[in-house]
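File shown here: upload.cif, holding mmCIF, C-alpha atoms and all ligand atoms.
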data_my_file
loop_
_atom_site.label_atom_id
_atom_site.label_comp_id
_atom_site.auth_asym_id
_atom_site.auth_seq_id
_atom_site.Cartn_x
_atom_site.Cartn_y
_atom_site.Cartn_z
CA MET U 1 170.50 67.00 43.29
CA ASN U 2 173.42 69.39 43.14
CA PRO U 3 173.66 72.41 45.46
CA ALA U 4 173.40 74.90 42.57
CA GLN U 5 170.08 73.44 41.47
CA LEU U 6 168.83 73.44 45.06
CA GLU U 7 169.80 77.09 45.29
CA ARG U 8 167.92 77.94 42.06
CA LEU U 9 164.81 76.09 43.21
CA SER U 10 164.94 77.87 46.52
CA GLU U 11 165.22 81.27 44.81
CA ASN U 12 162.31 80.55 42.50
CA LEU U 13 160.12 79.39 45.37
CA LEU U 14 160.94 82.64 47.15
CA LYS U 15 160.05 84.70 44.06
CA LEU U 16 156.74 82.85 43.87
CA ARG U 17 156.23 83.41 47.60
CA LEU U 18 155.85 79.66 48.16
CA PHE U 19 157.45 79.94 51.58
CA LYS U 20 156.33 76.61 53.00
CA SER U 21 157.63 74.67 49.99
CA ARG U 22 160.90 76.57 50.21
CA GLU U 23 161.27 75.76 53.90
CA ARG U 24 160.42 72.08 53.29
CA LEU U 25 162.20 71.68 49.94
CA GLU U 26 165.04 69.38 51.00
CA ALA U 27 162.88 67.24 53.27
CA LEU U 28 160.22 66.88 50.58
CA LEU U 29 162.79 65.88 47.97
CA GLN U 30 164.41 63.33 50.27
CA ASP U 31 161.06 61.91 51.23
CA ALA U 32 160.00 61.59 47.60
CA ALA U 33 163.25 59.84 46.70
CA ALA U 34 163.04 57.47 49.67
CA LYS U 35 159.45 56.51 48.88
CA GLU U 36 160.03 56.49 45.13
CA MET U 37 156.99 58.70 44.79
CA ALA U 38 155.16 59.14 41.49
CA TYR U 39 155.63 62.65 40.01
CA SER U 40 151.94 63.40 40.47
CA ASP U 41 152.01 62.32 44.15
CA PHE U 42 155.07 64.46 44.78
CA LEU U 43 153.50 67.52 43.20
CA GLU U 44 150.31 66.96 45.14
CA GLN U 45 152.24 66.69 48.40
CA VAL U 46 154.14 69.94 47.77
CA LEU U 47 151.07 71.92 46.70
CA SER U 48 148.79 70.68 49.44
CA GLU U 49 151.34 71.61 52.14
CA GLU U 50 151.70 75.07 50.60
CA VAL U 51 147.93 75.60 50.40
CA ALA U 52 147.46 74.41 54.00
CA ALA U 53 150.17 76.80 55.23
CA LYS U 54 148.73 79.75 53.30
CA THR U 55 145.18 79.03 54.50
CA SER U 56 146.23 78.80 58.11
CA LYS U 57 148.25 82.03 57.87
CA ASN U 58 145.27 83.76 56.28
CA VAL U 59 142.88 82.58 59.00
CA THR U 60 145.28 83.75 61.71
CA MET U 61 145.63 87.15 60.04
CA ARG U 62 141.90 87.66 59.53
CA THR U 63 141.21 86.51 63.10
CA SER U 64 143.51 89.19 64.47
CA MET U 65 142.04 91.81 62.09
CA ALA U 66 138.52 90.97 63.36
CA ARG U 67 139.43 92.30 66.85
CA PHE U 68 137.44 89.73 68.80
CA PRO U 69 137.39 90.27 72.59
CA PHE U 70 138.28 86.55 72.93
CA VAL U 71 138.68 83.65 70.53
CA LYS U 72 136.33 80.80 71.42
CA PRO U 73 135.08 78.44 68.72
CA LEU U 74 131.56 77.06 68.51
CA GLU U 75 132.89 73.65 69.52
CA THR U 76 133.50 74.99 73.06
CA PHE U 77 129.89 76.16 73.46
CA ASP U 78 127.90 73.98 75.86
CA PHE U 79 124.42 73.76 74.32
CA ALA U 80 123.19 71.49 77.11
CA TYR U 81 123.51 74.40 79.55
CA GLN U 82 121.34 76.67 77.41
CA PRO U 83 118.33 74.62 76.19
CA SER U 84 116.49 77.70 74.90
CA ILE U 85 119.02 77.81 72.05
CA ASP U 86 118.14 75.68 69.04
CA LYS U 87 121.44 73.89 68.41
CA LYS U 88 120.42 72.93 64.86
CA GLN U 89 119.63 76.56 64.06
CA VAL U 90 123.08 77.63 65.27
CA GLN U 91 124.72 74.81 63.31
CA THR U 92 122.89 75.99 60.20
CA LEU U 93 124.18 79.51 60.84
CA ALA U 94 127.67 78.04 61.20
CA THR U 95 127.54 76.94 57.54
CA CYS U 96 127.61 80.69 56.74
CA HIS U 97 124.75 80.60 54.21
CA PHE U 98 123.28 83.60 56.05
CA ILE U 99 126.32 85.59 54.93
CA GLU U 100 125.76 84.68 51.28
CA HIS U 101 122.10 85.69 51.61
CA GLY U 102 122.94 88.93 53.41
CA ASP U 103 120.81 87.96 56.41
CA ASN U 104 121.31 89.41 59.88
CA VAL U 105 121.52 87.43 63.10
CA LEU U 106 120.15 89.01 66.27
CA VAL U 107 121.09 87.42 69.56
CA LEU U 108 119.01 88.54 72.53
CA GLY U 109 119.26 87.57 76.17
CA PRO U 110 120.31 88.59 79.68
CA PRO U 111 123.98 88.96 80.68
CA GLY U 112 126.20 85.90 80.74
CA VAL U 113 124.09 83.56 78.59
CA GLY U 114 126.68 83.33 75.82
CA LYS U 115 125.66 86.06 73.36
CA THR U 116 129.21 87.29 72.78
CA HIS U 117 130.54 83.72 72.70
CA LEU U 118 128.06 82.76 69.96
CA ALA U 119 128.76 85.94 67.98
CA VAL U 120 132.52 85.31 68.14
CA ALA U 121 132.09 81.61 67.30
CA LEU U 122 130.00 82.44 64.19
CA GLY U 123 132.54 85.12 63.28
CA LEU U 124 135.29 82.49 63.41
CA LYS U 125 133.24 80.20 61.13
CA ALA U 126 132.91 83.10 58.70
CA ILE U 127 136.68 83.62 58.74
CA GLU U 128 137.25 79.91 58.11
CA ALA U 129 134.87 80.21 55.17
CA GLY U 130 137.08 82.98 53.78
CA TYR U 131 135.16 86.12 54.77
CA ARG U 132 136.50 89.28 56.35
CA VAL U 133 134.93 89.99 59.74
CA LEU U 134 134.98 92.95 62.11
CA PHE U 135 133.84 92.84 65.72
CA THR U 136 132.89 95.94 67.70
CA THR U 137 130.65 96.91 70.58
CA ALA U 138 127.79 99.36 70.09
CA ALA U 139 129.47 101.79 72.50
CA ASN U 140 132.78 101.62 70.66
CA LEU U 141 131.14 101.95 67.26
CA ILE U 142 129.14 105.02 68.28
CA THR U 143 132.16 106.66 69.94
CA HIS U 144 134.18 106.24 66.74
CA LEU U 145 131.37 107.40 64.43
CA THR U 146 130.67 110.45 66.61
CA LYS U 147 134.35 111.41 66.67
CA ALA U 148 134.64 110.98 62.90
CA HIS U 149 131.46 113.03 62.39
CA THR U 150 132.88 115.87 64.49
CA GLU U 151 136.13 115.76 62.55
CA GLY U 152 134.38 115.69 59.16
CA ARG U 153 135.55 112.15 58.35
CA LEU U 154 132.27 110.29 58.74
CA ASP U 155 132.25 108.83 55.25
CA GLU U 156 135.72 107.40 55.67
CA LYS U 157 134.80 105.87 59.05
CA LEU U 158 131.54 104.40 57.76
CA LYS U 159 133.63 102.57 55.14
CA VAL U 160 135.60 100.87 57.91
CA TYR U 161 132.33 99.30 59.08
CA THR U 162 130.83 98.61 55.68
CA THR U 163 133.86 97.00 54.02
CA PRO U 164 134.09 93.78 56.09
CA ARG U 165 131.72 91.14 54.77
CA LEU U 166 130.41 90.43 58.27
CA LEU U 167 130.06 93.10 60.96
CA ILE U 168 129.41 92.06 64.54
CA ILE U 169 127.95 94.70 66.85
CA ASP U 170 127.94 93.48 70.44
CA GLU U 171 126.17 94.85 73.51
CA ILE U 172 123.39 97.02 72.15
CA GLY U 173 121.50 98.33 75.15
CA TYR U 174 124.16 98.30 77.86
CA LEU U 175 124.77 102.02 77.52
CA PRO U 176 122.25 104.72 76.59
CA ILE U 177 122.78 106.22 73.12
CA ASP U 178 122.35 109.97 72.51
CA ARG U 179 120.49 111.51 69.58
CA LEU U 180 123.56 111.96 67.37
CA GLY U 181 124.75 108.44 68.20
CA ALA U 182 121.36 106.97 67.28
CA ASN U 183 121.38 108.93 64.03
CA LEU U 184 124.88 107.74 63.09
CA PHE U 185 124.00 104.15 64.01
CA PHE U 186 120.98 104.40 61.72
CA GLN U 187 123.19 105.67 58.87
CA LEU U 188 125.45 102.64 59.23
CA ILE U 189 122.52 100.21 59.32
CA SER U 190 121.09 101.86 56.19
CA ARG U 191 124.38 101.49 54.36
CA ARG U 192 124.71 97.82 55.18
CA TYR U 193 121.02 97.13 54.62
CA GLU U 194 120.52 94.25 52.18
CA ARG U 195 124.23 94.28 51.35
CA GLY U 196 126.34 93.35 54.33
CA PRO U 197 125.14 90.83 56.89
CA MET U 198 125.53 91.62 60.58
CA ILE U 199 125.39 89.83 63.90
CA LEU U 200 123.99 92.01 66.68
CA THR U 201 123.62 91.17 70.34
CA SER U 202 121.47 92.88 72.95
CA ASN U 203 120.39 92.40 76.55
CA GLN U 204 117.21 94.36 75.75
CA SER U 205 114.09 93.11 73.98
CA PHE U 206 113.22 94.86 70.71
CA ALA U 207 110.35 96.60 72.54
CA ALA U 208 112.93 98.35 74.73
CA TRP U 209 115.08 99.60 71.83
CA GLY U 210 113.09 102.87 71.79
CA ASP U 211 114.60 103.63 75.20
CA VAL U 212 118.04 102.33 74.19
CA PHE U 213 118.18 104.72 71.23
CA GLY U 214 116.31 107.48 73.10
CA ASP U 215 113.94 107.79 70.15
CA ARG U 216 111.12 105.48 69.18
CA VAL U 217 111.05 106.57 65.53
CA ILE U 218 114.76 105.91 64.94
CA ALA U 219 114.61 102.62 66.85
CA THR U 220 111.69 101.48 64.67
CA ALA U 221 113.53 102.49 61.50
CA ILE U 222 116.65 100.61 62.65
CA LEU U 223 114.69 97.48 63.60
CA ASP U 224 112.69 97.64 60.38
CA ARG U 225 115.86 97.31 58.33
CA LEU U 226 117.61 94.86 60.63
CA LEU U 227 114.69 92.46 60.84
CA HIS U 228 113.76 92.48 57.17
CA HIS U 229 116.07 89.53 56.51
CA ALA U 230 117.02 88.18 59.91
CA VAL U 231 117.26 85.24 62.25
CA THR U 232 116.64 85.99 65.93
CA LEU U 233 118.06 83.82 68.71
CA ASN U 234 116.25 84.52 71.93
CA ILE U 235 118.25 83.08 74.81
CA ARG U 236 116.33 82.60 78.02
CA GLY U 237 118.44 81.00 80.70
CA ASN U 238 120.92 81.36 83.48
CA SER U 239 124.22 83.11 83.23
CA TYR U 240 127.13 80.80 82.48
CA ARG U 241 129.26 82.99 84.71
CA LEU U 242 126.93 82.03 87.56
CA LYS U 243 127.42 78.35 86.73
CA GLU U 244 131.16 78.78 87.11
CA LYS U 245 130.70 80.63 90.40
CA LEU U 246 128.35 77.92 91.65
CA LYS U 247 130.95 75.33 90.80
CA ALA U 248 133.57 77.29 92.70
CA GLY U 249 131.17 77.57 95.68
CA LEU U 250 131.15 81.38 95.52
CA VAL U 251 127.32 81.66 95.59
CA ARG U 252 124.68 79.54 97.24
CA THR U 253 122.07 77.75 95.12
CA GLU U 254 119.15 79.78 96.61
CA GLU U 255 120.96 82.95 95.58
CA ALA U 256 121.45 81.60 92.09
CA GLU U 257 117.79 80.68 91.75
CA ALA U 258 116.54 84.02 93.07
P1 LIG U 301 127.00 87.46 77.24
O1 LIG U 301 127.66 88.07 76.07
O2 LIG U 301 125.66 86.88 76.94
O3 LIG U 301 126.96 88.36 78.44
P2 LIG U 301 129.30 85.71 77.16
O4 LIG U 301 129.19 85.15 75.79
O5 LIG U 301 130.33 86.77 77.36
O6 LIG U 301 127.88 86.21 77.68
O7 LIG U 301 129.54 84.51 78.18
C1 LIG U 301 130.16 84.72 79.44
C2 LIG U 301 131.27 83.69 79.62
O8 LIG U 301 130.69 82.39 79.73
C3 LIG U 301 132.20 83.62 78.44
O9 LIG U 301 133.49 83.28 78.93
C4 LIG U 301 131.65 82.49 77.60
O10 LIG U 301 132.65 81.86 76.83
C5 LIG U 301 131.08 81.55 78.64
N1 LIG U 301 129.86 80.89 78.19
C6 LIG U 301 128.61 81.39 78.16
N2 LIG U 301 127.73 80.49 77.77
C7 LIG U 301 128.42 79.35 77.53
C8 LIG U 301 128.05 78.03 77.11
N3 LIG U 301 126.77 77.68 76.89
N4 LIG U 301 129.06 77.12 76.96
C9 LIG U 301 130.35 77.45 77.21
N5 LIG U 301 130.76 78.67 77.64
C10 LIG U 301 129.80 79.61 77.81
MG MG U 302 128.57 89.88 75.95
#
Using structure tokens, write down the structure from this file.
Ligand code: ADP
Ligand code: MG
Amino acid sequence: MNPAQLERLSENLLKLRLFKSRERLEALLQDAAAKEMAYSDFLEQVLSEEVAAKTSKNVTMRTSMARFPFVKPLETFDFAYQPSIDKKQVQTLATCHFIEHGDNVLVLGPPGVGKTHLAVALGLKAIEAGYRVLFTTAANLITHLTKAHTEGRLDEKLKVYTTPRLLIIDEIGYLPIDRLGANLFFQLISRRYERGPMILTSNQSFAAWGDVFGDRVIATAILDRLLHHAVTLNIRGNSYRLKEKLKAGLVRTEEAEA
């Protein structure tokens, strides 16, 4: 192939934004010539490399847009340590059908049992499946909604939380929520109701959500909508953080069992 033709091919690949093929052009051509590849095999090789590169770039971009607190896939979750979790149920959730159906996932349990890890891991599965995901904590969400409400931009801010296909709201119940916060939270839940699936985590049982939201009526209205189409994972077990401390000899076993 002459340099002028190589140059033209390179320019066209750039115009088509086929960056991987452009970067690999010479190597791919040499390889095809050396192996005396069939035209169809060559084309398949070029296109599959381009698709793989674009997919991986897309996943990386959507992972950073999701604003996870950490990136840990489901494959690093130790189910043996947490027998109260139904592994099959989580694996079914990992297929992301719940997103198609618009179902919510509620993860309940004490601190350290892996609620955030599971929420992030399912969020990553959703990203791999091509969905847009946003992760936030309840405290962060309410702070932002309250600020937007005060500044007269509530509608705009609500869109930020309703646009992503999957919204993850972590740590409901760690901090008390005031009346305005509860009201704004309810507005968001109502907007996503039966449209956008959510994953929510809480260290408090549903019965305690009246205290969390400072208002039994609002808490009931929120739960009513959340639980209409929902899967609840109730984790009862020891903190994984404690396991790591035990391993490091930082706490005694009697302390851990107390
Ligand atoms: P929670 O949100 O329930 O307080 P996290 O999900 O933040 O707990 O878990 C605390 C730490 O322990 C995280 O680093 C998490 O990755 C890890 N962890 C928790 N449970 C498991 C588990 N079963 N297997 C592997 N790592 C775990
Ligand atoms: Mg957590």
Give me the residues of stretch 45-110 of chain U that have any atom at most 6 Å from an atom of stretch 134-146 of chain U; for each, the nearest atom pair and the distance in Å, rounded to one decimal. Use only C-alpha atoms, sort by chain and number, and format it as a tab-separated table.
residue	atom	partner	partner_atom	distance
U:Ala66	CA	U:Leu134	CA	4.2
U:Arg67	CA	U:Phe135	CA	5.7
U:Phe68	CA	U:Phe135	CA	5.7
| said: Show me which residues line ligand LIG 301 (chain U), defined as having an atom within 7 Å of a ligand atom where all atoms listed in the file count, and present them as a ChimeraX atom specification. | reply: /U:72,76-79,81-82,109-118,239-241
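Residue nearest U:Val105, chosen from U:Leu200, U:Leu166, U:Leu16, U:Ile235 and counting only C-alpha atoms: U:Leu200.
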| message | Under the rule that all atoms listed in the file are counted, which of U:Lys245, U:Ala219, U:Tyr39, U:Arg236 is the nearest residue to U:Asp86? | response |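 Smallest separation from U:Asp86 among the options: U:Arg236.
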| Nearby residues (only C-alpha atoms) at most 10 Å from U:Val212, same-chain spacing under 4 positions excluded, as JSON, numbers by chain | {"U": [172, 173, 174, 175, 176, 177, 178, 182, 204, 206, 207, 208, 216, 219]}
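Take atom CA of U:Val133 and atom CA of U:Val231: the distance between them is 18.5 Å.
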| What gap, in Å, lies between atom CA of U:Phe185 and atom CA of U:Ile222? |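 Going from atom CA of U:Phe185 over to atom CA of U:Ile222 covers 8.3 Å.
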| message | If I take atom CA of U:Arg165 and atom CA of U:Leu74, how far is one from the other in Å, to one decimal? | response |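 It comes out at 19.7 Å.
Counting all atoms listed in the file, the residue from U:Phe70, U:Tyr193, U:Phe213, U:Tyr161 that sits nearest to ligand MG 302 (chain U) is U:Phe70.
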| Contacts of U:Gly196 at 9 Å (only C-alpha atoms; same-chain gap of 5+ positions) as a ChimeraX atom specification | /U:99,102-104,162-167,191
Mind writing the picked residues with C-alpha atoms as a compact mmCIF listing (two decimals), in the coordinates of the input?
# COMPACT_ATOMS: atom_id res chain seq x y z
CA ILE U 99 126.32 85.59 54.93
CA GLY U 102 122.94 88.93 53.41
CA ASP U 103 120.81 87.96 56.41
CA ASN U 104 121.31 89.41 59.88
CA THR U 162 130.83 98.61 55.68
CA THR U 163 133.86 97.00 54.02
CA PRO U 164 134.09 93.78 56.09
CA ARG U 165 131.72 91.14 54.77
CA LEU U 166 130.41 90.43 58.27
CA LEU U 167 130.06 93.10 60.96
CA ARG U 191 124.38 101.49 54.36
| U:Asp224, U:Asp215, U:Asp170, U:Glu194: which is nearest ligand MG 302 (chain U), counting only C-alpha atoms and all ligand atoms? |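 Using only C-alpha atoms and all ligand atoms, ligand MG 302 (chain U) sits closest to U:Asp170.
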| Nearest to ligand MG 302 (chain U): which of U:Glu44, U:Leu226, U:Pro69, U:Arg24 is it, counting only C-alpha atoms and all ligand atoms? |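 Distance minimum relative to ligand MG 302 (chain U) lands on U:Pro69.
With distances restricted to all atoms listed in the file, U:Glu171 is the closest residue to ligand MG 302 (chain U) from U:Glu75, U:Glu100, U:Glu151, U:Glu171.
Around the coordinate (149.3, 74.7, 45.8), residues that reach within 12 Å when counting all atoms listed in the file are Leu13, Leu16, Arg17, Leu18, Phe19, Lys20, Ser21, Phe42, Leu43, Glu44, Gln45, Val46, Leu47, Ser48, Glu49, Glu50, Val51, Ala52, Ala53, Lys54 and Thr55 of chain U.
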Coordinates of box centre and edge lengths for stretch 78-97 of chain U, 8 Å on every side, axis-aligned, as JSON:
{"center_x": 122.2, "center_y": 76.1, "center_z": 66.9, "size_x": 27.4, "size_y": 25.2, "size_z": 41.3}
| request: Give me the residues within 10 Å of U:His101 as a ChimeraX atom specification, counting all atoms listed in the file and dropping any in the same chain fewer than 4 places off. | output: /U:96-97,194-197,229
Got a minute to add all heavy atoms to stretch 44-55 of chain U and dump it as a PDB file, in the coordinates of the input?
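Once written, out17.pdb looks like this:
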ATOM      1  N   GLU U  44     151.476  66.792  44.275  1.00  0.00           N
ATOM      2  CA  GLU U  44     150.310  66.960  45.140  1.00  0.00           C
ATOM      3  C   GLU U  44     150.730  67.241  46.583  1.00  0.00           C
ATOM      4  O   GLU U  44     150.187  68.128  47.245  1.00  0.00           O
ATOM      5  CB  GLU U  44     149.422  65.710  45.090  1.00  0.00           C
ATOM      6  CG  GLU U  44     148.120  65.936  45.845  1.00  0.00           C
ATOM      7  CD  GLU U  44     147.222  64.707  45.881  1.00  0.00           C
ATOM      8  OE1 GLU U  44     147.483  63.741  45.145  1.00  0.00           O
ATOM      9  OE2 GLU U  44     146.263  64.738  46.666  1.00  0.00           O
ATOM     10  N   GLN U  45     151.734  66.515  47.038  1.00  0.00           N
ATOM     11  CA  GLN U  45     152.240  66.690  48.400  1.00  0.00           C
ATOM     12  C   GLN U  45     152.747  68.124  48.604  1.00  0.00           C
ATOM     13  O   GLN U  45     152.390  68.795  49.566  1.00  0.00           O
ATOM     14  CB  GLN U  45     153.387  65.677  48.633  1.00  0.00           C
ATOM     15  CG  GLN U  45     154.104  65.816  49.953  1.00  0.00           C
ATOM     16  CD  GLN U  45     153.285  65.224  51.091  1.00  0.00           C
ATOM     17  OE1 GLN U  45     152.435  64.372  50.849  1.00  0.00           O
ATOM     18  NE2 GLN U  45     153.506  65.688  52.299  1.00  0.00           N
ATOM     19  N   VAL U  46     153.559  68.599  47.661  1.00  0.00           N
ATOM     20  CA  VAL U  46     154.140  69.940  47.770  1.00  0.00           C
ATOM     21  C   VAL U  46     153.026  70.989  47.779  1.00  0.00           C
ATOM     22  O   VAL U  46     152.973  71.861  48.656  1.00  0.00           O
ATOM     23  CB  VAL U  46     155.094  70.225  46.585  1.00  0.00           C
ATOM     24  CG1 VAL U  46     155.591  71.660  46.623  1.00  0.00           C
ATOM     25  CG2 VAL U  46     156.270  69.252  46.611  1.00  0.00           C
ATOM     26  N   LEU U  47     152.117  70.890  46.816  1.00  0.00           N
ATOM     27  CA  LEU U  47     151.070  71.920  46.700  1.00  0.00           C
ATOM     28  C   LEU U  47     150.107  71.889  47.874  1.00  0.00           C
ATOM     29  O   LEU U  47     149.691  72.948  48.359  1.00  0.00           O
ATOM     30  CB  LEU U  47     150.312  71.753  45.376  1.00  0.00           C
ATOM     31  CG  LEU U  47     151.141  72.019  44.112  1.00  0.00           C
ATOM     32  CD1 LEU U  47     150.266  71.924  42.873  1.00  0.00           C
ATOM     33  CD2 LEU U  47     151.826  73.380  44.147  1.00  0.00           C
ATOM     34  N   SER U  48     149.759  70.710  48.349  1.00  0.00           N
ATOM     35  CA  SER U  48     148.790  70.680  49.440  1.00  0.00           C
ATOM     36  C   SER U  48     149.401  71.249  50.721  1.00  0.00           C
ATOM     37  O   SER U  48     148.726  71.943  51.478  1.00  0.00           O
ATOM     38  CB  SER U  48     148.203  69.287  49.648  1.00  0.00           C
ATOM     39  OG  SER U  48     149.229  68.391  49.960  1.00  0.00           O
ATOM     40  N   GLU U  49     150.690  71.016  50.950  1.00  0.00           N
ATOM     41  CA  GLU U  49     151.340  71.610  52.140  1.00  0.00           C
ATOM     42  C   GLU U  49     151.363  73.135  52.024  1.00  0.00           C
ATOM     43  O   GLU U  49     151.126  73.847  52.990  1.00  0.00           O
ATOM     44  CB  GLU U  49     152.772  71.091  52.298  1.00  0.00           C
ATOM     45  CG  GLU U  49     152.828  69.727  52.933  1.00  0.00           C
ATOM     46  CD  GLU U  49     154.225  69.349  53.416  1.00  0.00           C
ATOM     47  OE1 GLU U  49     155.040  70.261  53.663  1.00  0.00           O
ATOM     48  OE2 GLU U  49     154.496  68.138  53.522  1.00  0.00           O
ATOM     49  N   GLU U  50     151.640  73.617  50.809  1.00  0.00           N
ATOM     50  CA  GLU U  50     151.700  75.070  50.600  1.00  0.00           C
ATOM     51  C   GLU U  50     150.316  75.704  50.827  1.00  0.00           C
ATOM     52  O   GLU U  50     150.185  76.722  51.498  1.00  0.00           O
ATOM     53  CB  GLU U  50     152.198  75.379  49.183  1.00  0.00           C
ATOM     54  CG  GLU U  50     152.463  76.842  48.914  1.00  0.00           C
ATOM     55  CD  GLU U  50     153.595  77.411  49.760  1.00  0.00           C
ATOM     56  OE1 GLU U  50     154.675  76.819  49.790  1.00  0.00           O
ATOM     57  OE2 GLU U  50     153.375  78.463  50.405  1.00  0.00           O
ATOM     58  N   VAL U  51     149.292  75.073  50.258  1.00  0.00           N
ATOM     59  CA  VAL U  51     147.930  75.600  50.400  1.00  0.00           C
ATOM     60  C   VAL U  51     147.517  75.592  51.879  1.00  0.00           C
ATOM     61  O   VAL U  51     146.966  76.571  52.388  1.00  0.00           O
ATOM     62  CB  VAL U  51     146.924  74.805  49.526  1.00  0.00           C
ATOM     63  CG1 VAL U  51     145.486  75.139  49.901  1.00  0.00           C
ATOM     64  CG2 VAL U  51     147.163  75.102  48.050  1.00  0.00           C
ATOM     65  N   ALA U  52     147.828  74.501  52.578  1.00  0.00           N
ATOM     66  CA  ALA U  52     147.460  74.410  54.000  1.00  0.00           C
ATOM     67  C   ALA U  52     148.149  75.516  54.801  1.00  0.00           C
ATOM     68  O   ALA U  52     147.527  76.164  55.650  1.00  0.00           O
ATOM     69  CB  ALA U  52     147.840  73.033  54.545  1.00  0.00           C
ATOM     70  N   ALA U  53     149.426  75.764  54.504  1.00  0.00           N
ATOM     71  CA  ALA U  53     150.170  76.800  55.230  1.00  0.00           C
ATOM     72  C   ALA U  53     149.594  78.175  54.947  1.00  0.00           C
ATOM     73  O   ALA U  53     149.424  79.000  55.854  1.00  0.00           O
ATOM     74  CB  ALA U  53     151.639  76.748  54.851  1.00  0.00           C
ATOM     75  N   LYS U  54     149.274  78.432  53.675  1.00  0.00           N
ATOM     76  CA  LYS U  54     148.730  79.750  53.300  1.00  0.00           C
ATOM     77  C   LYS U  54     147.351  79.963  53.934  1.00  0.00           C
ATOM     78  O   LYS U  54     147.047  81.051  54.413  1.00  0.00           O
ATOM     79  CB  LYS U  54     148.625  79.873  51.779  1.00  0.00           C
ATOM     80  CG  LYS U  54     149.969  80.112  51.105  1.00  0.00           C
ATOM     81  CD  LYS U  54     149.814  81.023  49.898  1.00  0.00           C
ATOM     82  CE  LYS U  54     151.121  81.232  49.125  1.00  0.00           C
ATOM     83  NZ  LYS U  54     152.273  81.594  49.928  1.00  0.00           N
ATOM     84  N   THR U  55     146.515  78.924  53.920  1.00  0.00           N
ATOM     85  CA  THR U  55     145.180  79.030  54.500  1.00  0.00           C
ATOM     86  C   THR U  55     145.280  79.337  55.982  1.00  0.00           C
ATOM     87  O   THR U  55     144.592  80.229  56.496  1.00  0.00           O
ATOM     88  CB  THR U  55     144.400  77.710  54.294  1.00  0.00           C
ATOM     89  OG1 THR U  55     144.441  77.391  52.915  1.00  0.00           O
ATOM     90  CG2 THR U  55     142.956  77.836  54.744  1.00  0.00           C
TER      91      THR U  55
END
